[in-house]
Amino acid sequence: MTELKLELRKIPIYDISFGEETKVFNTSLVLNKEEIIEELKKIPNVKDIKIDLAKPGEKTRIIPVKDVIQPRCTIQGNSGFAGVTSDVAQLGEGVVNILDGTAIVTIGDIVGFQEGIIDMWGEGAKWTPFSKTNNIVIDISVVDDLDPHEHEEACRVVGLRASEIIGLAGKDIESENVEIFEMGDNNVETEKYPELPKVVYVEMLISQGLLHASYIYGVDSAHILPTVLHPNEELDGAVISGNCVAACDKITTYQHQNNAVIKELYKLHGKEINFLGVILVPEKTTLDGKFVSCDYTAKLCKILGAEGVIISEEGYGNPDSDLVMICSRVEKQGIKSVLITDECSGWDGMSQPLTDVAKEAIAVVSTGNVSHLVELEKADRILGNPEAVSNIAGGWAGAYNPEDGTMKCELNAVIGATSEIGTHNATVELY
């Protein structure tokens with residue numbers, strides 16, 4: 001890792017509307033819908049685009065959500081989502097303007113069981129962080145007879161490009177709310193803080209094929225070994241989501257852009273810890289794949305000189321094994337570990353929370369029970385298709401009652417409800 005400095009300038013946005021020009025006016029974002037649609041329809045395999053707005057407090061339901069992305073504009077440095085919407089280039093250094101308080105939300109059916117719900121009010125709003133953002137909802141239709149992989153890619157790229165196009169509205173706006181993330185390589189930081197414990201963040205990523213994918217500089221993480229990143233790279237868009245299965249703990253692209261674990265470790269860096277960087281780990285589906293990936297992760301932790309490791313999971317079930325395997329391996333090397341995971345504990349919370357265990361896994365942070373049942377009241381407006389809840393993890397046939405407009409589902413179906421890298425609303429009470 002080289003020394004990188006990333007400056008994130010937050011432009012506060014408290015309202016959004018449509019108008020003749022895409023621009024920021026005071027604390028409002030105005031969008032020229034027709035121009036944005038025209039640009040997005042240039043993306044290969046896109047047939048049609050619809051754009052709607054959803055504001056906090058409105059009785060609006062968004063379903064089925066594919067991804068959430070934060071609108072940004074690079075002022076200095078390499079722009080775009082490198083390897084996807086722009087050429088491959090080093091990210092993590094420069095100046096970026098952020099339309100803070102807004103989000104791009106992509107919707108539209110792809111294939112099979114996929115993605116979830118955002119309610120902008122009521123019980124559902126309590127569980128998703130994206131009920132508090134002013135959402136630009138983009139409904140994507142693709143050309144007929146498209147291969148499912150191409151369908152997913154088209155929808156993914158539309159969301160990323162929309163965040164760039166709309167982010168340009170903040171290009172010339174000044175902001176006094178600035179976050180600076182600056183860190184050198186291992187040797188530089190260790191010379192600065194020789195007495196502080198060295199800590200590595202291990203971030204597991206869904207890497208299991210169609211609708212179960214994550215991308216690092218445009219490369220499907222299923223095709224790589226665990227890899228070390230400077231934390232600034234993820235905050236600058238090097239990691240994006242292609243995962244569309246369990247909405248509650250899907251790590252949206254927005255959450256990668258604002259990785260709460262990275263930001264918390266940065267706050268402690270130079271004070272309580274020496275933060276060495278991020279290891280991105282693919283969650284493999286085969287036992288041999290898990291052995292290779294987990295052994296390699298433990299080796300990287302050792303090579304970096306880690307004395308402590310934070311391990312976060314994406315998803316649950318199959319990846320639980322990777323989580324505890326990594327834990328066991330680093331602990332046996334004398335490296336302390338803390339795990340971040342959600343639980344699949346049943347409607348009553350009494351089922352076994354994880355599918356695998358290890359005696360070394362004694363420090364665990366829970367981000368909530370994905371099976372917790374919620375009842376959602378009738379919406380005044382629905383963006384998308386409420387019947388999609390029958391094909392969403394945590395939903396079922398009959399979960400939506402068309403007669404009274406109510407819906408019942410597990411937290412599984414609510415976007416970001418139990419995210420294992422933070423940026424969520426769930427809390428834990430000790431009794």
# chains A, B, ... in the order shown; residues from 1 in each chain; ligands from 1
$ closest_atom_pairs --of "segment 219-249 of chain A" --to "segment 283-304 of chain A" --cutoff "8 Å" --atoms "only C-alpha atoms" --output "CSV"
residue,atom,partner,partner_atom,distance
A:Ala222,CA,A:Lys284,CA,7.0
A:Leu225,CA,A:Ser293,CA,6.3
A:Pro226,CA,A:Thr297,CA,6.0
$ write_last_selection --atoms "C-alpha atoms" --output "PDB file, in the first residue's frame"
ATOM      1  CA  ALA A 222     -15.255 -15.160  -6.824  1.00  0.00           C
ATOM      2  CA  LEU A 225      -7.769 -14.901  -3.781  1.00  0.00           C
ATOM      3  CA  PRO A 226      -8.157 -12.692  -0.703  1.00  0.00           C
TER       4      PRO A 226
END
$ closest_atom_pairs --of "segment 180-296 of chain A" --to "segment 110-133 of chain A" --cutoff "10 Å" --atoms "only C-alpha atoms" --output "CSV"
residue,atom,partner,partner_atom,distance
A:Leu210,CA,A:Val111,CA,9.4
A:Leu211,CA,A:Gln114,CA,7.4
A:His212,CA,A:Gln114,CA,9.7
A:Asn243,CA,A:Glu115,CA,8.4
A:Cys244,CA,A:Glu115,CA,4.9
A:Val245,CA,A:Gln114,CA,4.5
A:Ala246,CA,A:Glu115,CA,6.2
A:Ala247,CA,A:Glu115,CA,5.0
A:Cys248,CA,A:Gly116,CA,7.8
A:Lys250,CA,A:Glu115,CA,8.5
A:Tyr254,CA,A:Phe130,CA,9.8
$ closest_atom_pairs --of "segment 107-219 of chain A" --to "segment 41-60 of chain A" --cutoff "6 Å" --atoms "only C-alpha atoms" --output "tab-separated table"
residue	atom	partner	partner_atom	distance
A:Met120	CA	A:Pro56	CA	5.2
A:Trp121	CA	A:Gly57	CA	4.8
A:Ser131	CA	A:Pro56	CA	5.6
A:Lys132	CA	A:Pro56	CA	5.3
A:Asn134	CA	A:Lys55	CA	4.8
A:Asn135	CA	A:Ala54	CA	5.0
A:Ile136	CA	A:Leu53	CA	4.9
A:Val137	CA	A:Asp52	CA	5.1
A:Ile138	CA	A:Ile51	CA	4.7
A:Asp139	CA	A:Lys50	CA	5.0
A:Ile140	CA	A:Ile49	CA	5.0
A:Ser141	CA	A:Asp48	CA	5.0
A:Val142	CA	A:Val46	CA	4.4
A:Val143	CA	A:Lys47	CA	5.0
$ write_last_selection --atoms "C-alpha atoms" --output "PDB file, in the first residue's frame"
ATOM      1  CA  MET A 120     -40.091   5.612   3.705  1.00  0.00           C
ATOM      2  CA  TRP A 121     -42.384   5.747   6.752  1.00  0.00           C
ATOM      3  CA  SER A 131     -35.741   5.638   4.796  1.00  0.00           C
ATOM      4  CA  LYS A 132     -33.752   8.713   5.861  1.00  0.00           C
ATOM      5  CA  ASN A 134     -33.911  11.408  -0.359  1.00  0.00           C
ATOM      6  CA  ASN A 135     -34.123   8.588  -2.875  1.00  0.00           C
ATOM      7  CA  ILE A 136     -33.929   8.809  -6.652  1.00  0.00           C
ATOM      8  CA  VAL A 137     -35.661   5.582  -7.675  1.00  0.00           C
ATOM      9  CA  ILE A 138     -34.681   4.188 -11.074  1.00  0.00           C
ATOM     10  CA  ASP A 139     -36.890   1.458 -12.537  1.00  0.00           C
ATOM     11  CA  ILE A 140     -34.962  -0.443 -15.214  1.00  0.00           C
ATOM     12  CA  SER A 141     -36.358  -2.434 -18.139  1.00  0.00           C
ATOM     13  CA  VAL A 142     -33.959  -4.374 -20.357  1.00  0.00           C
ATOM     14  CA  VAL A 143     -34.247  -5.690 -23.895  1.00  0.00           C
TER      15      VAL A 143
END
$ closest_residue --among "A:Ile421, A:Val239, A:Val188, A:Ile62" --to "Ala213 of chain A" --atoms "only C-alpha atoms"
A:Val239
$ atom_distance --atom1 "atom CA of Ala238 of chain A" --atom2 "atom CA of Ser419 of chain A"
18.9 Å
$ residues_around --residues "Gly422 of chain A" --least-positions-apart "5" --cutoff "12 Å" --atoms "only C-alpha atoms" --output "PyMOL selection string"
chain A and resi 128-129+248-252+254-264+312-314+340-342+365-368+416-417+427
$ closest_residue --among "A:Val374, A:Val178, A:Val68, A:Ala399" --to "Val414 of chain A" --atoms "only C-alpha atoms"
A:Val374
$ residues_around --residues "segment 73-79 of chain A" --least-positions-apart "4" --cutoff "10 Å" --atoms "only C-alpha atoms" --output "ChimeraX atom specification"
/A:6-9,85-99,163-172,236-237
$ closest_residue --among "A:Val281, A:Ala413, A:Met350, A:Met204" --to "Pro64 of chain A" --atoms "only C-alpha atoms"
A:Ala413
$ closest_residue --among "A:Gly209, A:Gly270, A:Gly218, A:Gly242" --to "Ile69 of chain A" --atoms "only C-alpha atoms"
A:Gly242
$ closest_residue --among "A:Tyr316, A:Phe275, A:Phe181, A:Trp396" --to "Lys198 of chain A" --atoms "only C-alpha atoms"
A:Phe275
$ closest_residue --among "A:Cys155, A:Ile16, A:Leu373, A:Ala358" --to "Asp322 of chain A" --atoms "only C-alpha atoms"
A:Ala358
$ select_by_dssp --residues "segment 217-353 of chain A" --states "strand (DSSP E)" --output "CSV table (one decimal) with N, CA and C atoms, in the first residue's frame"
chain,number,residue,atom,x,y,z
A,219,VAL,N,-13.7,-6.6,-11.0
A,219,VAL,CA,-13.4,-8.1,-11.1
A,219,VAL,C,-14.3,-8.8,-10.1
A,220,ASP,N,-15.0,-9.8,-10.6
A,220,ASP,CA,-15.8,-10.6,-9.7
A,220,ASP,C,-15.0,-11.3,-8.6
A,227,THR,N,-7.5,-10.4,-1.0
A,227,THR,CA,-6.6,-9.3,-1.5
A,227,THR,C,-6.6,-8.2,-0.5
A,228,VAL,N,-5.4,-7.5,-0.4
A,228,VAL,CA,-5.2,-6.4,0.5
A,228,VAL,C,-5.5,-5.1,-0.2
A,229,LEU,N,-6.4,-4.2,0.4
A,229,LEU,CA,-6.6,-2.9,-0.1
A,229,LEU,C,-6.3,-1.8,0.9
A,239,VAL,N,-15.1,-1.0,-4.5
A,239,VAL,CA,-15.8,-2.2,-4.2
A,239,VAL,C,-17.3,-1.9,-4.4
A,240,ILE,N,-17.9,-2.7,-5.2
A,240,ILE,CA,-19.4,-2.5,-5.5
A,240,ILE,C,-20.1,-3.8,-5.4
A,241,SER,N,-21.5,-3.7,-5.2
A,241,SER,CA,-22.3,-4.8,-5.0
A,241,SER,C,-23.0,-5.3,-6.2
A,242,GLY,N,-23.0,-6.7,-6.3
A,242,GLY,CA,-23.8,-7.3,-7.3
A,242,GLY,C,-24.6,-8.4,-6.7
A,243,ASN,N,-24.8,-8.3,-5.3
A,243,ASN,CA,-25.5,-9.3,-4.5
A,243,ASN,C,-26.9,-8.9,-4.4
A,274,ASN,N,-3.1,0.8,15.5
A,274,ASN,CA,-2.5,1.1,14.3
A,274,ASN,C,-3.2,0.3,13.2
A,275,PHE,N,-4.1,0.9,12.5
A,275,PHE,CA,-4.9,0.3,11.4
A,275,PHE,C,-4.1,0.0,10.2
A,276,LEU,N,-3.9,-1.3,9.9
A,276,LEU,CA,-3.0,-1.7,8.8
A,276,LEU,C,-3.7,-1.8,7.4
A,277,GLY,N,-5.0,-1.9,7.4
A,277,GLY,CA,-5.6,-2.0,6.1
A,277,GLY,C,-6.7,-3.0,6.1
A,278,VAL,N,-7.2,-3.3,4.8
A,278,VAL,CA,-8.4,-4.1,4.6
A,278,VAL,C,-8.0,-5.4,3.8
A,279,ILE,N,-8.5,-6.5,4.2
A,279,ILE,CA,-8.3,-7.7,3.4
A,279,ILE,C,-9.7,-8.1,3.0
A,280,LEU,N,-10.0,-8.1,1.6
A,280,LEU,CA,-11.2,-8.5,1.1
A,280,LEU,C,-11.2,-10.0,0.8
A,281,VAL,N,-12.2,-10.7,1.3
A,281,VAL,CA,-12.2,-12.2,1.3
A,281,VAL,C,-13.4,-12.7,0.5
A,282,PRO,N,-13.3,-13.4,-0.6
A,282,PRO,CA,-14.4,-14.0,-1.3
A,282,PRO,C,-15.0,-15.2,-0.4
A,283,GLU,N,-16.3,-15.2,-0.4
A,283,GLU,CA,-17.0,-16.3,0.3
A,283,GLU,C,-17.3,-17.5,-0.7
A,308,GLY,N,-4.5,-7.9,16.0
A,308,GLY,CA,-5.9,-8.0,16.2
A,308,GLY,C,-6.6,-8.0,14.8
A,309,VAL,N,-7.7,-8.7,14.7
A,309,VAL,CA,-8.4,-8.7,13.4
A,309,VAL,C,-9.9,-8.5,13.7
A,310,ILE,N,-10.5,-7.6,12.9
A,310,ILE,CA,-12.0,-7.5,12.9
A,310,ILE,C,-12.5,-8.2,11.6
A,311,ILE,N,-13.4,-9.2,11.8
A,311,ILE,CA,-13.9,-10.0,10.7
A,311,ILE,C,-15.4,-9.7,10.5
A,312,SER,N,-15.8,-9.2,9.4
A,312,SER,CA,-17.2,-9.0,9.1
A,312,SER,C,-17.7,-9.9,8.0
A,336,LYS,N,-5.7,-11.9,18.0
A,336,LYS,CA,-7.0,-11.8,18.6
A,336,LYS,C,-8.0,-11.4,17.5
A,337,SER,N,-9.3,-11.9,17.6
A,337,SER,CA,-10.3,-11.6,16.6
A,337,SER,C,-11.6,-11.2,17.2
A,338,VAL,N,-12.3,-10.4,16.5
A,338,VAL,CA,-13.7,-10.0,16.8
A,338,VAL,C,-14.5,-10.2,15.6
A,339,LEU,N,-15.6,-10.9,15.7
A,339,LEU,CA,-16.5,-11.2,14.5
A,339,LEU,C,-17.7,-10.3,14.5
A,340,ILE,N,-18.1,-9.9,13.3
A,340,ILE,CA,-19.4,-9.1,13.1
A,340,ILE,C,-20.3,-10.0,12.2
A,341,THR,N,-21.4,-10.3,12.8
A,341,THR,CA,-22.4,-11.2,12.0
A,341,THR,C,-23.8,-10.9,12.4
A,342,ASP,N,-24.7,-11.2,11.6
A,342,ASP,CA,-26.1,-11.2,12.0
A,342,ASP,C,-26.5,-12.7,12.4
A,343,GLU,N,-27.7,-12.9,12.8
A,343,GLU,CA,-28.2,-14.2,13.3
A,343,GLU,C,-29.4,-14.6,12.5
$ atom_distance --atom1 "atom CA of Val65 of chain A" --atom2 "atom CA of Ile415 of chain A"
7.6 Å
$ select_by_dssp --residues "segment 100-176 of chain A" --states "alpha helix (DSSP H)" --output "list of chain:residue names"
A:Gly122, A:Glu123, A:Gly124, A:Ala125, A:Lys126, A:Trp127, A:Pro148, A:His149, A:Glu150, A:His151, A:Glu152, A:Glu153, A:Ala154, A:Cys155, A:Arg156, A:Val157, A:Val158, A:Gly159, A:Leu160, A:Arg161, A:Ala162, A:Ser163, A:Glu164, A:Ile165, A:Ile166, A:Gly167
$ decode --residues "segment 89-103 of chain A" --atoms "N, CA, C and O atoms" --output "short mmCIF file (atom, residue, chain, number, x, y, z; two decimals), in the first residue's frame"
data_model
loop_
_atom_site.label_atom_id
_atom_site.label_comp_id
_atom_site.auth_asym_id
_atom_site.auth_seq_id
_atom_site.Cartn_x
_atom_site.Cartn_y
_atom_site.Cartn_z
N ALA A 89 -7.92 2.15 -12.70
CA ALA A 89 -6.98 3.13 -12.18
C ALA A 89 -7.00 3.05 -10.66
O ALA A 89 -7.95 2.54 -10.06
N GLN A 90 -5.95 3.56 -10.04
CA GLN A 90 -5.86 3.56 -8.57
C GLN A 90 -6.89 4.53 -7.98
O GLN A 90 -6.94 5.70 -8.34
N LEU A 91 -7.72 4.04 -7.08
CA LEU A 91 -8.67 4.88 -6.36
C LEU A 91 -8.17 5.10 -4.93
O LEU A 91 -7.24 4.45 -4.48
N GLY A 92 -8.80 6.05 -4.25
CA GLY A 92 -8.47 6.27 -2.84
C GLY A 92 -7.68 7.52 -2.56
O GLY A 92 -7.31 7.76 -1.40
N GLU A 93 -7.43 8.31 -3.58
CA GLU A 93 -6.66 9.54 -3.39
C GLU A 93 -7.31 10.67 -4.18
O GLU A 93 -7.70 10.49 -5.33
N GLY A 94 -7.45 11.84 -3.55
CA GLY A 94 -8.02 12.97 -4.24
C GLY A 94 -9.11 13.64 -3.44
O GLY A 94 -9.18 13.53 -2.21
N VAL A 95 -9.98 14.34 -4.17
CA VAL A 95 -11.08 15.09 -3.55
C VAL A 95 -12.38 14.67 -4.23
O VAL A 95 -12.47 14.65 -5.46
N VAL A 96 -13.39 14.34 -3.42
CA VAL A 96 -14.68 13.89 -3.93
C VAL A 96 -15.80 14.69 -3.28
O VAL A 96 -15.84 14.83 -2.06
N ASN A 97 -16.69 15.24 -4.11
CA ASN A 97 -17.89 15.92 -3.61
C ASN A 97 -19.04 14.93 -3.54
O ASN A 97 -19.30 14.20 -4.51
N ILE A 98 -19.74 14.92 -2.41
CA ILE A 98 -20.81 13.95 -2.16
C ILE A 98 -22.12 14.69 -1.97
O ILE A 98 -22.18 15.67 -1.22
N LEU A 99 -23.17 14.23 -2.65
CA LEU A 99 -24.51 14.77 -2.40
C LEU A 99 -25.09 14.04 -1.20
O LEU A 99 -25.79 13.04 -1.31
N ASP A 100 -24.74 14.53 -0.02
CA ASP A 100 -25.07 13.86 1.24
C ASP A 100 -26.55 13.99 1.55
O ASP A 100 -27.11 15.08 1.50
N GLY A 101 -27.17 12.87 1.90
CA GLY A 101 -28.60 12.87 2.17
C GLY A 101 -29.43 12.39 1.00
O GLY A 101 -30.66 12.38 1.06
N THR A 102 -28.75 11.99 -0.09
CA THR A 102 -29.45 11.45 -1.25
C THR A 102 -28.92 10.05 -1.57
O THR A 102 -27.82 9.67 -1.13
N ALA A 103 -29.69 9.29 -2.33
CA ALA A 103 -29.25 7.96 -2.75
C ALA A 103 -29.93 7.59 -4.05
O ALA A 103 -31.08 7.96 -4.30
#
